[in-house]
Amino acid sequence: MDLSAINPILLVAAMIAAATPILLAAIGELVVERAGVLNLGVEGMMITGAVCGFIITVNTGSPTVGFIAAAIGGAVLSLLFAFLTQVALANQVASGLALTLFGLGLSALMGQSYVGIKPPRTESTPLGSLADIPVIGPIVFGHDLIVYLGLAIVAATWATLKFTRAGLVLRAVGENHDAAHALGYKVKRIRTLAIMFGGACAGLGGAYISLIRVPQWTEGMTAGVGWIALALVVFASWKPWRVLLGAYLFGGITQLQLNLQGAGVAIPVEYLAMSPYIVTIIVLVILSADKSRAPGSLGRTFHASG
Amino acid sequence: MTDLLALRGLTKAYPGVIANDDVSLSIAPGEIHALLGENGAGKSTLVKMIYGLVKPDAGKMEMNGAGFAPTDPRAARAAGVGMVFQHFSLFDALSVAENIALGMETPPPMRTLAARIEEVSQTYGLPLSPDRTVGDLSAGERQRVEIIRCLLQDPKLLIMDEPTSVLTPQEVDILFKTLRKLSAEGTAILYISHKLEEIRALCDTATILRGGKVVGDCVPRDTSAREMAELMVGSTLATPKSAAHATGEVILSVTNLSVASPSAFGMALKDISFAVQAGEVLGIGGVAGNGQDELLAVLSGELPSAPGMVTFEGRDLAGIGPEARRGLGVLSAPEERLGHAAAPNMSLTENAMLTGAAREGLSARGLLNWPKTRAFATRIISEFDVRTPGPENAARSLSGGNLQKFVIGREVLQKPEVLVVNQPTWGVDAAAAAAIRQALLDLAAGGTAVVVISQDLDELMEISDRFAALNEGRLSDPRPTQGLDVEQIGLMLGGAHGIEVAHV
């Protein structure tokens, strides 16, 4: 066992990067659920975003264009879910599961001829010399733009939900869609927009895996991150900052246990591999012991009557 | 004076039913106009059209002489129409100020809004703290949120759908003062209520709907409640009559009952004692939220109580659950129709099964007897005049009053030994309410001990033999109803809760 092989600074920096896909997917799903919709298709939208981003980046040579394409790809797929649940009034759970299966299949088809290709490298350290500050530099300023974008989305989501009228209306729709309708708010339109936002965030998260974390394309490469993001939203009590905490905790422990495995710690690999799930759930369950609860209309189909 | 709002020939049809058929009426500024009708007469559809929630099929509306066709509630609010809903359109998890902001077109910043809420609530004697979470408020306080939400927009027309069903007499007085003050300031009020005496006290004119058509107008002050009720029903009305009957043995007795509320916002019951004899109707009055739900839950068996507190025919009911109590003959009908008394998405037949299984023999050896259940449901529907196409319809498809008739009928037809009902006629029209009361009286005449928990004091005065008030979880000593007047009862109830008279 050689713990000295673990460089704490690189470890923390890697934790932040590892957390980003979960963070993006979870914050998107948080907005969707705060609007009262339960979209279990996060995994499908992530993998679709991953393949869209990959294909466009390889063909254009620009990761930026690729990430935009990933967001659009996730949002377009989420429109299918919006159509099923908001227009056809299908069951949300079944539609979400179908979306995941559909997304996995679609992405495998789209990505067939891209297996084994290396995408162009995504620029990191856009902050230049700040990254050279000892300790803080690599941890805080050494990342690619998407890491900061993820943080910015969390902050913006929090501020929007808390301080703006748009956020208040979104919460109202999620809390009691009948009352919101009676007051004249367009429940379906608001929910469709929220679903598309969730799809775009999930797509970004997926592309982060295929373009930066791995970076290559393999079928099913999101490997359940979408499901973790879903669980994270619940355990975070639908609060943006707790999603951030949970995502970093999960990403961090994932990275740490990989390092511990590499260092040859005498704990069976299985225990290390399950540790991120256990620690994240325990911490968030303790946090969610306050009186916060799910949005009142979560998962219920809205049908305007009379 | 020119009309503020004129409706001409409004018609709205739904598949299978014409909700409004050529309805015309007009309201002058400052007028308090009552809209009367039985459940399903088309009152709600009519006001929904004025509020832009429903588009009329034919006919037109005019506001101040100009055409008025709101496409959604925002347009209606912009034109000066405010509405206080019967089922509050509030968001439990949000604060009072946030709820109010959601009902406004261009809400000011939260801090300004909070100040304005304080100001309006002071002016109209409706105290309300802007920061409180709506989920923690009582029904009366929730109504204030709705009213203040409307008042902040300086409405020219205020629509109120059954506003007094959750208020004490004193609270009703204060609401009426507020409404009269608004009327004096030139705000017209369209007032929907089943309580005819209230309409006589408050309203200038009344339009009566029956089967979607206007069947008459009257000046409520000059018309007796009975005449108005008969106009609504279209036939003469029978007043519930209590047949002379002897009361017998004590069947249900409650001794020093103290129990904590299962809900964080509920009211604990404190040292309650009473006894009900066979053939007696005990009325328990009081504002909702003072332990009514808890008392019903204890008597029905949903909420466990300590041994010796509740006894039925000398038998201790502690540890006996709701289904076993139904088997013994202790039945109950809770206040919340959808979700508590009835499962909204299940058919009426299935709902009949849910409480009728034990006493009506609807299941045997774990198998359900659907034909027999359907017959039972059909019997409830015909004997209690439940307006529905048939027993296979979902409970939620019934209007509130019709579902109430079904829920009460389901218990009454099981010929209970003890029946406990909470708010038996809440939101039910005059004719149906009379029928329900009559059924309760008939049940008592047959030897059942009936406990009626209600906020409607007129109702309790009409049917109960003895009256007790439940306030903050404590029950006053039951007193014979004869000789009590509303004033004394109001005092027994502990007066108005946190309401002041208008300051201006």
# chains A, B, ... in the order shown; residues from 1 in each chain; ligands from 1

$ interface_residues --of "chain A" --to "chain B" --cutoff "7 Å" --atoms "only C-alpha atoms" --output "list in words"
Val169, Ala172, Glu175, Asn176, Ala179, Ala182, Leu183, Gly184 and Gly306 of chain A

$ write_last_selection --atoms "C-alpha atoms" --output "PDB file, in the first residue's frame"
ATOM      1  CA  VAL A 169     -44.425  30.398 -11.185  1.00  0.00           C
ATOM      2  CA  ALA A 172     -46.314  27.036  -8.131  1.00  0.00           C
ATOM      3  CA  GLU A 175     -46.784  22.512  -6.118  1.00  0.00           C
ATOM      4  CA  ASN A 176     -50.409  22.581  -7.242  1.00  0.00           C
ATOM      5  CA  ALA A 179     -54.469  26.080  -8.640  1.00  0.00           C
ATOM      6  CA  ALA A 182     -57.047  28.415 -12.131  1.00  0.00           C
ATOM      7  CA  LEU A 183     -54.844  31.503 -11.813  1.00  0.00           C
ATOM      8  CA  GLY A 184     -54.219  31.419 -15.547  1.00  0.00           C
ATOM      9  CA  GLY A 306     -63.628  22.857 -17.897  1.00  0.00           C
TER      10      GLY A 306
END

$ select_by_dssp --residues "stretch 289-383 of chain B" --states "helix (DSSP H, G or I)" --output "ChimeraX atom specification"
/B:292-300,322-328,348-360,370-383

$ residues_around --residues "B:Arg111" --least-positions-apart "5" --cutoff "12 Å" --atoms "only C-alpha atoms" --output "list in words"
Phe163 of chain A; Ala97, Glu98, Ala101, Arg116, Ile117, Glu118, Pro130 and Asp131 of chain B

$ residues_around --residues "A:Ile117" --least-positions-apart "6" --cutoff "9 Å" --atoms "only C-alpha atoms" --output "ChimeraX atom specification"
/A:58,216-217

$ write_last_selection --atoms "all heavy atoms" --output "PDB file, in the first residue's frame"
ATOM      1  N   VAL A  58     -16.233  15.638 -33.479  1.00  0.00           N
ATOM      2  CA  VAL A  58     -15.328  14.960 -34.411  1.00  0.00           C
ATOM      3  C   VAL A  58     -15.441  15.585 -35.797  1.00  0.00           C
ATOM      4  O   VAL A  58     -14.444  15.826 -36.472  1.00  0.00           O
ATOM      5  CB  VAL A  58     -15.645  13.449 -34.450  1.00  0.00           C
ATOM      6  CG1 VAL A  58     -14.950  12.773 -35.635  1.00  0.00           C
ATOM      7  CG2 VAL A  58     -15.215  12.800 -33.151  1.00  0.00           C
ATOM      8  N   GLN A 216     -13.841   9.187 -25.418  1.00  0.00           N
ATOM      9  CA  GLN A 216     -14.071   8.380 -26.619  1.00  0.00           C
ATOM     10  C   GLN A 216     -15.531   7.955 -26.588  1.00  0.00           C
ATOM     11  O   GLN A 216     -16.242   8.267 -25.624  1.00  0.00           O
ATOM     12  CB  GLN A 216     -13.168   7.155 -26.634  1.00  0.00           C
ATOM     13  CG  GLN A 216     -13.393   6.269 -25.436  1.00  0.00           C
ATOM     14  CD  GLN A 216     -12.697   4.921 -25.545  1.00  0.00           C
ATOM     15  OE1 GLN A 216     -12.146   4.598 -26.568  1.00  0.00           O
ATOM     16  NE2 GLN A 216     -12.764   4.156 -24.492  1.00  0.00           N
ATOM     17  N   TRP A 217     -15.960   7.279 -27.667  1.00  0.00           N
ATOM     18  CA  TRP A 217     -17.351   6.858 -27.672  1.00  0.00           C
ATOM     19  C   TRP A 217     -17.441   5.345 -27.524  1.00  0.00           C
ATOM     20  O   TRP A 217     -16.824   4.593 -28.259  1.00  0.00           O
ATOM     21  CB  TRP A 217     -18.062   7.275 -28.964  1.00  0.00           C
ATOM     22  CG  TRP A 217     -19.380   6.584 -29.123  1.00  0.00           C
ATOM     23  CD1 TRP A 217     -19.693   5.599 -30.006  1.00  0.00           C
ATOM     24  CD2 TRP A 217     -20.543   6.780 -28.319  1.00  0.00           C
ATOM     25  NE1 TRP A 217     -20.975   5.166 -29.821  1.00  0.00           N
ATOM     26  CE2 TRP A 217     -21.521   5.883 -28.782  1.00  0.00           C
ATOM     27  CE3 TRP A 217     -20.841   7.634 -27.250  1.00  0.00           C
ATOM     28  CZ2 TRP A 217     -22.786   5.806 -28.215  1.00  0.00           C
ATOM     29  CZ3 TRP A 217     -22.104   7.567 -26.705  1.00  0.00           C
ATOM     30  CH2 TRP A 217     -23.067   6.661 -27.177  1.00  0.00           C
TER      31      TRP A 217
END

$ closest_atom_pairs --of "stretch 333-372 of chain B" --to "stretch 439-456 of chain B" --cutoff "12 Å" --atoms "only C-alpha atoms" --output "CSV"
residue,atom,partner,partner_atom,distance
B:Ala333,CA,B:Val452,CA,9.8
B:Pro334,CA,B:Ile453,CA,9.5
B:Glu335,CA,B:Ile453,CA,9.1

$ write_last_selection --atoms "N, CA and C atoms" --output "tab-separated table (two decimals), in the first residue's frame"
chain	number	residue	atom	x	y	z
B	333	ALA	N	-68.39	9.23	8.69
B	333	ALA	CA	-68.20	9.86	7.39
B	333	ALA	C	-67.37	11.11	7.60
B	334	PRO	N	-66.10	11.09	7.20
B	334	PRO	CA	-65.23	12.23	7.45
B	334	PRO	C	-65.55	13.41	6.55
B	335	GLU	N	-64.93	14.55	6.87
B	335	GLU	CA	-65.24	15.79	6.17
B	335	GLU	C	-64.68	15.80	4.76
